[in-house]
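The structure file protein_26.cif is reproduced below (mmCIF, C-alpha atoms (C1' of nucleotides)).
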```cif
data_work
loop_
_atom_site.label_atom_id
_atom_site.label_comp_id
_atom_site.auth_asym_id
_atom_site.auth_seq_id
_atom_site.Cartn_x
_atom_site.Cartn_y
_atom_site.Cartn_z
CA MET A 1 0.00 0.00 0.00
CA VAL A 2 1.50 3.25 -1.15
CA ASP A 3 0.54 5.22 1.92
CA GLU A 4 2.61 3.16 4.30
CA ASN A 5 5.68 3.03 2.17
CA MET A 6 5.71 6.74 1.65
CA LEU A 7 5.61 7.31 5.37
CA GLU A 8 8.48 4.94 5.87
CA ASP A 9 10.60 6.55 3.21
CA ILE A 10 10.34 9.87 4.89
CA ALA A 11 11.43 8.35 8.14
CA SER A 12 14.51 6.67 6.80
CA GLU A 13 15.80 9.75 4.99
CA GLN A 14 19.51 10.05 5.72
CA GLU A 15 20.03 13.42 7.31
CA SER A 16 23.20 15.36 7.88
CA TYR A 17 23.48 16.48 11.43
CA GLN A 18 25.17 19.63 10.22
CA ASP A 19 21.94 20.93 8.74
CA GLU A 20 20.29 21.00 12.13
CA ARG A 21 20.07 24.09 14.23
CA ILE A 22 22.79 24.55 16.79
CA ALA A 23 20.42 24.03 19.70
CA ARG A 24 19.44 20.58 18.45
CA LEU A 25 23.02 19.64 17.72
CA ILE A 26 24.14 20.61 21.18
CA ARG A 27 21.23 18.79 22.77
CA LEU A 28 22.03 15.66 20.77
CA ALA A 29 25.69 15.85 21.72
CA ALA A 30 24.83 16.29 25.38
CA ARG A 31 22.50 13.29 25.33
CA SER A 32 25.11 11.18 23.59
CA PHE A 33 27.68 12.17 26.19
CA ASN A 34 25.30 11.37 28.99
CA ARG A 35 24.43 7.98 27.62
CA SER A 36 28.03 7.12 26.94
CA LEU A 37 29.22 8.13 30.40
CA GLN A 38 26.20 6.66 32.15
CA MET A 39 26.79 3.30 30.53
CA ARG A 40 30.27 3.31 32.03
CA LEU A 41 29.23 4.64 35.41
CA THR A 42 26.50 2.03 35.71
CA THR A 43 29.05 -0.75 35.44
CA GLU A 44 30.65 0.73 38.58
CA GLY A 45 27.33 1.15 40.36
CA MET A 46 27.41 4.92 40.12
CA THR A 47 24.67 7.22 38.84
CA PHE A 48 25.21 10.30 36.78
CA GLY A 49 23.58 12.66 39.26
CA GLN A 50 25.90 11.61 42.05
CA TRP A 51 28.93 11.65 39.81
CA ILE A 52 28.42 15.36 39.13
CA PHE A 53 28.82 16.21 42.81
CA LEU A 54 31.49 13.65 43.60
CA ARG A 55 33.62 15.17 40.90
CA ILE A 56 33.31 18.63 42.42
CA LEU A 57 33.97 17.39 45.94
CA TRP A 58 37.13 15.61 44.87
CA GLU A 59 38.48 19.04 44.00
CA HIS A 60 36.75 21.07 46.70
CA ASP A 61 35.81 19.00 49.71
CA GLY A 62 33.60 20.67 52.28
CA LEU A 63 31.60 23.06 50.09
CA SER A 64 28.15 24.16 51.22
CA GLN A 65 25.06 22.94 49.40
CA ARG A 66 24.61 26.32 47.80
CA ALA A 67 28.21 26.52 46.65
CA LEU A 68 27.88 23.04 45.17
CA SER A 69 24.73 24.06 43.33
CA GLU A 70 26.54 26.98 41.79
CA LYS A 71 29.53 24.94 40.74
CA ALA A 72 27.33 22.27 39.20
CA HIS A 73 24.98 24.87 37.67
CA LEU A 74 22.04 23.03 39.16
CA THR A 75 19.23 24.20 41.42
CA GLU A 76 19.27 23.54 45.13
CA PRO A 77 16.53 20.95 45.21
CA THR A 78 18.53 18.94 42.69
CA THR A 79 21.63 19.24 44.82
CA HIS A 80 19.68 18.45 47.94
CA THR A 81 18.30 15.18 46.66
CA ALA A 82 21.62 14.07 45.23
CA LEU A 83 23.46 14.83 48.47
CA SER A 84 20.83 13.06 50.56
CA ARG A 85 21.20 9.96 48.47
CA MET A 86 24.98 10.18 48.65
CA GLU A 87 24.81 10.52 52.41
CA ASP A 88 22.60 7.42 52.62
CA LEU A 89 25.13 5.54 50.53
CA GLY A 90 27.97 6.62 52.80
CA LEU A 91 29.81 8.65 50.16
CA ILE A 92 29.60 11.95 52.03
CA GLU A 93 28.73 13.39 55.43
CA ARG A 94 26.83 16.63 55.90
CA ARG A 95 27.91 18.87 58.76
CA LYS A 96 27.38 22.43 59.86
CA VAL A 97 30.66 24.29 60.14
CA GLY A 98 31.46 27.03 62.64
CA SER A 99 28.82 29.44 63.86
CA ASN A 100 26.53 29.48 60.83
CA LYS A 101 23.60 27.20 61.62
CA ARG A 102 22.06 27.38 58.14
CA ARG A 103 24.83 26.13 55.94
CA GLN A 104 25.18 22.41 55.38
CA HIS A 105 28.65 21.47 54.19
CA ALA A 106 29.35 18.22 52.40
CA PHE A 107 32.47 16.25 53.25
CA LEU A 108 33.65 13.15 51.43
CA THR A 109 33.99 9.96 53.40
CA ARG A 110 36.89 7.63 52.76
CA LYS A 111 34.59 5.62 50.51
CA GLY A 112 33.64 8.69 48.48
CA ARG A 113 37.25 9.74 48.13
CA GLU A 114 38.41 6.31 47.03
CA LEU A 115 35.95 6.13 44.14
CA ARG A 116 37.96 8.71 42.26
CA ASP A 117 40.56 6.28 40.94
CA ARG A 118 37.94 4.04 39.44
CA LEU A 119 35.54 6.64 38.09
CA GLU A 120 37.67 9.44 36.76
CA PRO A 121 39.23 7.36 33.96
CA LEU A 122 35.75 6.61 32.64
CA ALA A 123 35.06 10.29 32.10
CA ILE A 124 38.40 10.84 30.43
CA GLU A 125 37.77 7.85 28.18
CA THR A 126 34.41 9.20 27.04
CA ASN A 127 35.90 12.61 26.45
CA ASP A 128 38.79 11.34 24.35
CA LEU A 129 36.55 9.06 22.40
CA ALA A 130 34.18 11.91 21.58
CA LEU A 131 36.96 14.10 20.21
CA ALA A 132 38.58 11.45 18.01
CA GLY A 133 39.22 12.78 14.53
CA LEU A 134 39.16 16.47 15.44
CA SER A 135 42.26 18.62 15.12
CA ASN A 136 43.59 20.64 18.04
CA GLU A 137 42.48 23.78 16.31
CA GLU A 138 38.96 22.46 15.85
CA VAL A 139 38.77 21.50 19.51
CA ARG A 140 40.02 24.95 20.47
CA VAL A 141 37.30 26.63 18.41
CA LEU A 142 34.72 24.20 19.78
CA ARG A 143 35.62 25.15 23.34
CA HIS A 144 35.61 28.81 22.57
CA ALA A 145 32.29 28.69 20.74
CA LEU A 146 30.62 26.72 23.53
CA ASP A 147 31.96 29.20 26.04
CA VAL A 148 30.41 32.08 24.08
CA VAL A 149 27.10 30.25 23.69
CA ILE A 150 26.87 29.55 27.40
CA ARG A 151 27.63 33.14 28.32
CA ASN A 152 25.12 34.49 25.81
CA LEU A 153 22.36 32.27 27.12
CA GLU A 154 23.15 32.94 30.76
CA GLN A 155 22.91 36.61 29.97
CA ASP A 156 19.52 35.98 28.38
CA GLU A 157 18.32 34.19 31.49
CA VAL A 158 19.40 37.01 33.76
CA GLU A 159 17.71 39.59 31.58
CA SER A 160 14.49 37.63 31.20
CA ALA A 161 14.37 37.03 34.91
CA SER A 162 14.76 40.72 35.65
CA ARG A 163 12.08 41.61 33.09
CA GLY A 164 9.70 38.82 33.77
CA VAL A 165 7.20 37.62 36.31
CA ARG A 166 9.57 35.50 38.33
CA VAL A 167 12.42 36.27 40.67
CA PRO A 168 11.52 39.49 42.42
CA SER A 169 15.17 40.44 42.71
CA THR A 170 16.86 43.69 43.63
CA ARG A 171 17.52 44.17 39.95
CA SER A 172 13.87 44.34 39.04
CA LEU A 173 13.21 46.77 41.84
CA GLN A 174 15.87 49.10 40.47
CA GLN A 175 14.03 49.21 37.18
CA ILE A 176 10.85 50.56 38.74
CA MET B 1 36.05 31.93 61.77
CA VAL B 2 38.74 30.93 59.30
CA ASP B 3 37.17 27.64 58.33
CA GLU B 4 34.01 29.14 56.96
CA ASN B 5 35.70 31.87 54.98
CA MET B 6 38.07 29.48 53.35
CA LEU B 7 35.20 27.34 52.18
CA GLU B 8 33.45 30.36 50.73
CA ASP B 9 36.52 31.57 48.89
CA ILE B 10 36.87 28.30 47.11
CA ALA B 11 33.27 28.49 45.98
CA SER B 12 33.45 31.97 44.54
CA GLU B 13 36.59 31.31 42.52
CA GLN B 14 36.06 32.75 39.04
CA GLU B 15 36.42 29.90 36.61
CA SER B 16 36.89 29.99 32.88
CA TYR B 17 34.46 27.71 31.14
CA GLN B 18 37.12 26.94 28.59
CA ASP B 19 39.14 24.98 31.13
CA GLU B 20 36.34 22.49 31.56
CA ARG B 21 36.22 19.20 29.76
CA ILE B 22 34.21 19.16 26.57
CA ALA B 23 31.55 16.92 28.05
CA ARG B 24 30.80 19.43 30.78
CA LEU B 25 30.81 22.35 28.39
CA ILE B 26 28.37 20.66 26.07
CA ARG B 27 26.14 19.68 28.96
CA LEU B 28 26.13 23.24 30.25
CA ALA B 29 25.37 24.61 26.82
CA ALA B 30 22.50 22.16 26.38
CA ARG B 31 21.01 23.08 29.74
CA SER B 32 21.30 26.76 28.95
CA PHE B 33 19.55 26.22 25.64
CA ASN B 34 16.82 24.23 27.27
CA ARG B 35 16.19 26.81 29.95
CA SER B 36 16.23 29.64 27.46
CA LEU B 37 13.80 27.97 25.08
CA GLN B 38 11.61 26.59 27.85
CA MET B 39 11.17 30.04 29.33
CA ARG B 40 9.83 31.18 25.99
CA LEU B 41 7.70 28.10 25.35
CA THR B 42 6.13 28.36 28.79
CA THR B 43 4.80 31.81 27.96
CA GLU B 44 2.90 30.16 25.10
CA GLY B 45 1.73 27.26 27.26
CA MET B 46 3.92 24.74 25.51
CA THR B 47 6.30 22.25 27.11
CA PHE B 48 9.66 21.31 25.79
CA GLY B 49 8.87 17.62 25.41
CA GLN B 50 5.89 18.31 23.18
CA TRP B 51 7.74 20.93 21.20
CA ILE B 52 10.30 18.35 20.13
CA PHE B 53 7.65 16.25 18.40
CA LEU B 54 5.55 19.10 17.12
CA ARG B 55 8.59 20.42 15.32
CA ILE B 56 9.16 17.10 13.60
CA LEU B 57 5.51 16.69 12.66
CA TRP B 58 5.39 20.14 11.08
CA GLU B 59 7.93 18.83 8.60
CA HIS B 60 6.78 15.21 8.40
CA ASP B 61 3.16 14.79 9.36
CA GLY B 62 1.92 11.24 9.77
CA LEU B 63 5.09 9.50 10.93
CA SER B 64 4.81 6.38 13.04
CA GLN B 65 5.77 6.41 16.70
CA ARG B 66 8.95 4.52 15.95
CA ALA B 67 9.92 6.85 13.14
CA LEU B 68 9.33 9.82 15.42
CA SER B 69 11.50 8.25 18.11
CA GLU B 70 14.29 7.87 15.64
CA LYS B 71 14.03 11.39 14.32
CA ALA B 72 13.99 12.81 17.84
CA HIS B 73 16.70 10.43 19.03
CA LEU B 74 14.53 9.46 21.97
CA THR B 75 13.32 6.10 23.20
CA GLU B 76 9.84 4.86 22.46
CA PRO B 77 8.43 5.22 25.95
CA THR B 78 9.44 8.88 25.87
CA THR B 79 7.74 9.33 22.53
CA HIS B 80 4.72 7.41 23.71
CA THR B 81 4.08 9.61 26.74
CA ALA B 82 4.63 12.83 24.83
CA LEU B 83 2.25 11.76 22.05
CA SER B 84 -0.40 10.63 24.53
CA ARG B 85 -0.29 13.99 26.21
CA MET B 86 -0.42 15.77 22.85
CA GLU B 87 -3.40 13.70 21.84
CA ASP B 88 -5.20 14.61 25.08
CA LEU B 89 -4.50 18.27 24.36
CA GLY B 90 -5.89 17.95 20.86
CA LEU B 91 -2.63 18.73 19.07
CA ILE B 92 -2.45 15.42 17.23
CA GLU B 93 -4.52 12.35 16.39
CA ARG B 94 -3.17 8.83 16.36
CA ARG B 95 -4.39 6.50 13.66
CA LYS B 96 -3.40 3.21 12.17
CA VAL B 97 -2.69 3.52 8.47
CA GLY B 98 -3.31 0.85 5.87
CA SER B 99 -2.99 -2.81 6.65
CA ASN B 100 -0.37 -2.71 9.39
CA LYS B 101 -2.21 -2.98 12.67
CA ARG B 102 0.80 -2.37 14.86
CA ARG B 103 1.94 1.03 13.72
CA GLN B 104 0.41 4.10 15.25
CA HIS B 105 0.85 7.16 13.07
CA ALA B 106 0.60 10.67 14.44
CA PHE B 107 -1.25 13.33 12.49
CA LEU B 108 -1.40 16.99 13.39
CA THR B 109 -4.78 18.53 14.07
CA ARG B 110 -5.53 22.00 12.83
CA LYS B 111 -4.65 23.26 16.31
CA GLY B 112 -1.28 21.53 16.27
CA ARG B 113 -0.51 22.86 12.83
CA GLU B 114 -1.44 26.40 13.69
CA LEU B 115 0.95 26.58 16.63
CA ARG B 116 3.86 26.69 14.25
CA ASP B 117 3.62 30.40 13.50
CA ARG B 118 3.76 31.29 17.16
CA LEU B 119 6.35 28.80 18.37
CA GLU B 120 8.92 28.56 15.65
CA PRO B 121 10.13 32.16 16.02
CA LEU B 122 10.92 31.46 19.65
CA ALA B 123 13.38 28.73 18.71
CA ILE B 124 14.99 30.90 16.07
CA GLU B 125 15.31 33.71 18.56
CA THR B 126 17.08 31.50 21.09
CA ASN B 127 19.36 30.14 18.42
CA ASP B 128 20.39 33.56 17.10
CA LEU B 129 20.87 34.88 20.57
CA ALA B 130 23.14 31.99 21.48
CA LEU B 131 25.39 32.54 18.48
CA ALA B 132 25.82 36.28 18.93
CA GLY B 133 29.47 37.29 18.69
CA LEU B 134 30.65 34.22 16.80
CA SER B 135 31.99 34.48 13.28
CA ASN B 136 30.55 32.40 10.44
CA GLU B 137 33.73 30.40 10.38
CA GLU B 138 33.49 29.67 14.10
CA VAL B 139 29.90 28.56 13.72
CA ARG B 140 30.88 26.34 10.83
CA VAL B 141 33.60 24.64 12.89
CA LEU B 142 31.19 24.35 15.84
CA ARG B 143 28.66 22.52 13.68
CA HIS B 144 31.26 20.27 12.22
CA ALA B 145 32.84 19.44 15.56
CA LEU B 146 29.46 18.67 17.15
CA ASP B 147 28.62 16.46 14.21
CA VAL B 148 31.84 14.49 14.71
CA VAL B 149 31.30 14.21 18.46
CA ILE B 150 27.77 12.88 18.00
CA ARG B 151 28.87 10.30 15.46
CA ASN B 152 31.79 9.18 17.63
CA LEU B 153 29.57 8.69 20.63
CA GLU B 154 26.82 6.94 18.69
CA GLN B 155 29.44 4.58 17.40
CA ASP B 156 30.55 3.96 20.99
CA GLU B 157 26.98 3.15 22.02
CA VAL B 158 26.53 0.69 19.20
CA GLU B 159 29.78 -1.05 20.01
CA SER B 160 29.15 -1.19 23.73
CA ALA B 161 25.69 -2.53 23.16
CA SER B 162 26.96 -5.28 20.90
CA ARG B 163 29.67 -6.17 23.42
CA GLY B 164 27.63 -5.80 26.53
CA VAL B 165 24.87 -7.41 28.49
CA ARG B 166 21.99 -5.54 26.97
CA VAL B 167 20.32 -5.54 23.58
CA PRO B 168 20.52 -9.11 22.34
CA SER B 169 20.61 -7.93 18.74
CA THR B 170 21.49 -9.78 15.58
CA ARG B 171 24.85 -8.12 15.75
CA SER B 172 25.78 -9.81 19.00
CA LEU B 173 24.71 -13.16 17.64
CA GLN B 174 27.04 -12.73 14.69
CA GLN B 175 29.95 -12.31 17.04
CA ILE B 176 29.41 -15.63 18.76
"C1'" DG C 1 16.53 45.00 71.44
"C1'" DC C 2 12.77 44.13 67.84
"C1'" DC C 3 11.20 43.25 63.46
"C1'" DC C 4 11.57 42.79 58.52
"C1'" DT C 5 14.03 40.99 54.77
"C1'" DA C 6 17.24 37.98 52.83
"C1'" DA C 7 19.86 33.53 52.80
"C1'" DA C 8 20.15 28.51 53.15
"C1'" DG C 9 18.02 24.66 53.05
"C1'" DA C 10 13.98 21.28 52.72
"C1'" DT C 11 9.71 19.56 50.68
"C1'" DA C 12 6.14 18.85 47.14
"C1'" DG C 13 4.86 18.13 42.72
"C1'" DA C 14 5.75 18.48 37.62
"C1'" DT C 15 8.35 17.23 33.33
"C1'" DA C 16 11.62 14.68 30.52
"C1'" DT C 17 14.09 11.01 30.12
"C1'" DC C 18 15.68 6.23 30.69
"C1'" DT C 19 15.60 0.66 31.25
"C1'" DA C 20 12.95 -3.47 31.80
"C1'" DA C 21 9.30 -6.12 30.84
"C1'" DG C 22 4.61 -7.07 28.97
"C1'" DT C 23 1.13 -7.29 24.85
"C1'" DT C 24 -0.22 -7.79 20.33
"C1'" DG C 25 0.57 -8.22 15.42
"C1'" DT C 26 3.69 -9.83 11.37
"C1'" DT C 27 6.54 -12.76 8.95
"C1'" DG C 28 9.74 -16.26 7.50
"C1'" DA C 29 11.48 -21.11 8.12
"C1'" DC C 30 10.07 -25.40 7.92
"C1'" DG D 1 -0.16 -23.84 7.75
"C1'" DT D 2 2.24 -23.57 12.29
"C1'" DC D 3 5.24 -21.63 15.26
"C1'" DA D 4 9.17 -19.05 16.70
"C1'" DA D 5 11.26 -14.79 16.41
"C1'" DC D 6 10.90 -10.14 15.66
"C1'" DA D 7 8.54 -5.48 15.46
"C1'" DA D 8 5.67 -1.82 17.33
"C1'" DC D 9 3.64 -0.28 20.95
"C1'" DT D 10 2.41 0.00 25.99
"C1'" DT D 11 3.12 0.02 30.94
"C1'" DA D 12 5.76 0.36 35.20
"C1'" DG D 13 9.15 2.23 37.76
"C1'" DA D 14 13.63 4.77 38.22
"C1'" DT D 15 16.59 9.03 37.76
"C1'" DA D 16 17.54 13.87 36.93
"C1'" DT D 17 15.92 18.00 36.65
"C1'" DC D 18 12.89 21.96 37.29
"C1'" DT D 19 9.51 25.69 39.76
"C1'" DA D 20 6.94 26.95 43.76
"C1'" DT D 21 6.59 27.14 48.42
"C1'" DC D 22 7.73 26.48 53.30
"C1'" DT D 23 10.88 26.67 57.53
"C1'" DT D 24 14.65 28.19 59.97
"C1'" DT D 25 18.47 31.29 60.75
"C1'" DA D 26 21.12 35.68 60.15
"C1'" DG D 27 21.64 40.54 59.76
"C1'" DG D 28 20.34 45.48 59.31
"C1'" DG D 29 17.44 49.57 60.24
"C1'" DC D 30 15.14 51.87 63.58
#
```
Spell out the structure here as structure tokens.
Amino acid sequence: MVDENMLEDIASEQESYQDERIARLIRLAARSFNRSLQMRLTTEGMTFGQWIFLRILWEHDGLSQRALSEKAHLTEPTTHTALSRMEDLGLIERRKVGSNKRRQHAFLTRKGRELRDRLEPLAIETNDLALAGLSNEEVRVLRHALDVVIRNLEQDEVESASRGVRVPSTRSLQQI
Amino acid sequence: MVDENMLEDIASEQESYQDERIARLIRLAARSFNRSLQMRLTTEGMTFGQWIFLRILWEHDGLSQRALSEKAHLTEPTTHTALSRMEDLGLIERRKVGSNKRRQHAFLTRKGRELRDRLEPLAIETNDLALAGLSNEEVRVLRHALDVVIRNLEQDEVESASRGVRVPSTRSLQQI
DNA sequence: GCCCTAAAGATAGATATCTAAGTTGTTGAC
DNA sequence: GTCAACAACTTAGATATCTATCTTTAGGGC
């Protein structure tokens, strides 16, 4: 029946990724990275969400939940749930430090610290694999372009927030 | 108290995005894109997940669920839930076409079709905004590099799947 | 010193995505 | 023609992320 075959043909069209808009390309690349790394992390019993914070804590042990959120570029509820799970699993401990009774700081346990040797190579492997076939110059431009894109979009977010309904910040008050 | 201040200093360190690994940069860029576009879609009452499929259907109305999954690079359960929701909202209709009683094809309703004029400019706006300040040559290299990265990682997935526990495909049988 | 606002965190509920496993329909080997 | 294997879809349940809202603590203006 002609109908069906036509519909199939459209679907199997070979498309060049390069014709896609940048947003889609970046989204695809991010998903591919996630899947590739997650596959590897899963074999070590680690989830992606926890990995994000482990990685930061390996470099900066003892950060507050807010500071971790900023470093990871994630919201606090996200950080909160991940840290709770990590505490349950014995990867970190949460403690208040000094006189400030609001801040919860996260400290790696021995177990959390020791995971580094097994997990970090997986990330490096994925990274190297992804860049195979690109010249140093191309990678340099890629980094630079991504950096610009991120800054542009963060700027957009800040401006929209100050204009918009949400986030009754000091900035929006100044505009009145 | 020295302890607390030290911890804060570490957190507020100004970091250059360019020092990050590519995987992180791409993930950040994708999240920024998503937030930026979602902000805009929300003002029109649209969600990101539905947008993905609407966009494809505007170009290729009547695709099957599987074909849509492939085009969107998403799994079938993801597609299924999005399409169900879209059907409830009256944006699409699902029908079986011809003699094949398994395939569900998705067809835009008038309502779904008419959204295009309002939504598409939002995506273009985000895209243009993100690329501000980059030269044509830089954008060209960005596209190319992303294309390579995606292909590399897809290749990795295929190989891992054929090696690994999951996906008992024909490929893995050939290797035995 | 008291009170209001802001900061830090916690909780609830929504969306987008995945893997695993079940159902139903199709097809090819014999 | 029957049956096993595969294809397309569905359902269930997990993870990662978000916005909105609430609680508790800290700090500043008076």
Discussion item. Tell me as a VMD selection string which residues belonging to chain B come within 7 Å of chain C, counting all atoms listed in the file.
Written reply: chain B and resid 49 78 101 to 102
Worksheet item: Near Ile124 of chain B, counting only C-alpha atoms (C1' of nucleotides), which residues have an atom at most 10 Å away, once you skip same-chain residues fewer than 5 positions from it, shown as a PyMOL selection string?
Response: (chain A and resi 21+23) or (chain B and resi 37+119+129-130)
Return as a tab-separated table the residues of chain D lying at most 9 Å from chain B, together with the closest atom-to-atom pair for each and the distance in Å to one decimal, counting only C-alpha atoms (C1' of nucleotides), with rows in chain order and ascending residue number.
```
residue	atom	partner	partner_atom	distance
D:DA7	C1'	B:Arg102	CA	8.4
D:DA8	C1'	B:Arg102	CA	5.5
D:DC9	C1'	B:Arg102	CA	7.0
D:DT10	C1'	B:Pro77	CA	8.0
D:DT11	C1'	B:Pro77	CA	9.0
```
Determine, for each residue of chain B having at least one atom at most 8 Å from an atom of chain A, the closest pair of atoms and their separation in Å to one decimal, counting only C-alpha atoms; order by chain and ascending number, as CSV.
```
residue,atom,partner,partner_atom,distance
B:Met1,CA,A:Gly98,CA,6.8
B:Asp3,CA,A:Gly98,CA,7.2
B:Glu4,CA,A:Gly98,CA,6.6
B:Leu7,CA,A:Leu63,CA,6.0
B:Glu8,CA,A:Leu63,CA,7.6
B:Ile10,CA,A:His60,CA,7.2
B:Ala11,CA,A:Ala67,CA,5.5
B:Ser12,CA,A:Ala67,CA,7.8
B:Tyr17,CA,A:Asp147,CA,5.9
B:Gln18,CA,A:Arg143,CA,5.7
B:Arg21,CA,A:Asn127,CA,7.4
B:Ile22,CA,A:Asn127,CA,6.8
B:Ala23,CA,A:Asn127,CA,6.3
B:Leu25,CA,A:Leu146,CA,6.5
B:Ile26,CA,A:Ala30,CA,5.7
B:Arg27,CA,A:Ala30,CA,5.1
B:Leu28,CA,A:Ile150,CA,7.0
B:Ala29,CA,A:Ile150,CA,5.2
B:Ala30,CA,A:Arg27,CA,5.1
B:Ser32,CA,A:Leu153,CA,5.9
B:Phe33,CA,A:Ala23,CA,6.4
B:Arg35,CA,A:Glu157,CA,7.8
B:Ser36,CA,A:Glu157,CA,6.4
B:His60,CA,A:Ile10,CA,7.3
B:Gly62,CA,A:Leu7,CA,7.0
B:Leu63,CA,A:Leu7,CA,6.0
B:Ser64,CA,A:Leu7,CA,7.8
B:Ala67,CA,A:Ala11,CA,5.4
B:Leu68,CA,A:Ala11,CA,7.7
B:Lys71,CA,A:Ala11,CA,7.4
B:His73,CA,A:Leu28,CA,7.7
B:Val97,CA,A:Glu4,CA,6.8
B:Gly98,CA,A:Glu4,CA,6.5
B:Ser99,CA,A:Met1,CA,7.8
B:Asn127,CA,A:Ala23,CA,6.3
B:Leu129,CA,A:Asn152,CA,6.8
B:Ala130,CA,A:Val149,CA,4.9
B:Leu131,CA,A:Val149,CA,5.9
B:Ala132,CA,A:Asn152,CA,7.1
B:Gly133,CA,A:Val148,CA,7.6
B:Leu134,CA,A:Ala145,CA,7.0
B:Glu138,CA,A:Val141,CA,6.5
B:Val139,CA,A:Ala145,CA,7.4
B:Val141,CA,A:Glu138,CA,6.5
B:Leu142,CA,A:Leu142,CA,5.3
B:Arg143,CA,A:Gln18,CA,5.7
B:His144,CA,A:Gln18,CA,6.4
B:Ala145,CA,A:Leu142,CA,6.6
B:Leu146,CA,A:Leu25,CA,6.5
B:Asp147,CA,A:Tyr17,CA,5.8
B:Val148,CA,A:Leu131,CA,7.5
B:Val149,CA,A:Ala130,CA,4.8
B:Ile150,CA,A:Ala29,CA,5.2
B:Asn152,CA,A:Ala130,CA,5.4
B:Leu153,CA,A:Ala130,CA,5.7
B:Glu154,CA,A:Ser32,CA,6.7
B:Asp156,CA,A:Ser36,CA,7.2
B:Glu157,CA,A:Ser36,CA,6.4
```
For the selection you just gave me, I'd like the residues written to a file as a short mmCIF file (atom, residue, chain, number, x, y, z; two decimals), in the coordinates of the input, keeping C-alpha atoms.
```cif
data_model
loop_
_atom_site.label_atom_id
_atom_site.label_comp_id
_atom_site.auth_asym_id
_atom_site.auth_seq_id
_atom_site.Cartn_x
_atom_site.Cartn_y
_atom_site.Cartn_z
CA MET B 1 36.05 31.93 61.77
CA ASP B 3 37.17 27.64 58.33
CA GLU B 4 34.01 29.14 56.96
CA LEU B 7 35.20 27.34 52.18
CA GLU B 8 33.45 30.36 50.73
CA ILE B 10 36.87 28.30 47.11
CA ALA B 11 33.27 28.49 45.98
CA SER B 12 33.45 31.97 44.54
CA TYR B 17 34.46 27.71 31.14
CA GLN B 18 37.12 26.94 28.59
CA ARG B 21 36.22 19.20 29.76
CA ILE B 22 34.21 19.16 26.57
CA ALA B 23 31.55 16.92 28.05
CA LEU B 25 30.81 22.35 28.39
CA ILE B 26 28.37 20.66 26.07
CA ARG B 27 26.14 19.68 28.96
CA LEU B 28 26.13 23.24 30.25
CA ALA B 29 25.37 24.61 26.82
CA ALA B 30 22.50 22.16 26.38
CA SER B 32 21.30 26.76 28.95
CA PHE B 33 19.55 26.22 25.64
CA ARG B 35 16.19 26.81 29.95
CA SER B 36 16.23 29.64 27.46
CA HIS B 60 6.78 15.21 8.40
CA GLY B 62 1.92 11.24 9.77
CA LEU B 63 5.09 9.50 10.93
CA SER B 64 4.81 6.38 13.04
CA ALA B 67 9.92 6.85 13.14
CA LEU B 68 9.33 9.82 15.42
CA LYS B 71 14.03 11.39 14.32
CA HIS B 73 16.70 10.43 19.03
CA VAL B 97 -2.69 3.52 8.47
CA GLY B 98 -3.31 0.85 5.87
CA SER B 99 -2.99 -2.81 6.65
CA ASN B 127 19.36 30.14 18.42
CA LEU B 129 20.87 34.88 20.57
CA ALA B 130 23.14 31.99 21.48
CA LEU B 131 25.39 32.54 18.48
CA ALA B 132 25.82 36.28 18.93
CA GLY B 133 29.47 37.29 18.69
CA LEU B 134 30.65 34.22 16.80
CA GLU B 138 33.49 29.67 14.10
CA VAL B 139 29.90 28.56 13.72
CA VAL B 141 33.60 24.64 12.89
CA LEU B 142 31.19 24.35 15.84
CA ARG B 143 28.66 22.52 13.68
CA HIS B 144 31.26 20.27 12.22
CA ALA B 145 32.84 19.44 15.56
CA LEU B 146 29.46 18.67 17.15
CA ASP B 147 28.62 16.46 14.21
CA VAL B 148 31.84 14.49 14.71
CA VAL B 149 31.30 14.21 18.46
CA ILE B 150 27.77 12.88 18.00
CA ASN B 152 31.79 9.18 17.63
CA LEU B 153 29.57 8.69 20.63
CA GLU B 154 26.82 6.94 18.69
CA ASP B 156 30.55 3.96 20.99
CA GLU B 157 26.98 3.15 22.02
#
```
Worksheet item: What is the atom CA of Leu122 of chain B to atom CA of Glu44 of chain B distance in Å?
Response: 9.8 Å
Worksheet item: What gap, in Å, lies between atom CA of Gly45 of chain A and atom CA of Ala106 of chain A?
Response: 21.0 Å
Worksheet, complete the sentence: re atom CA of Leu54 of chain B and atom CA of Leu91 of chain B: distance 8.4 Å
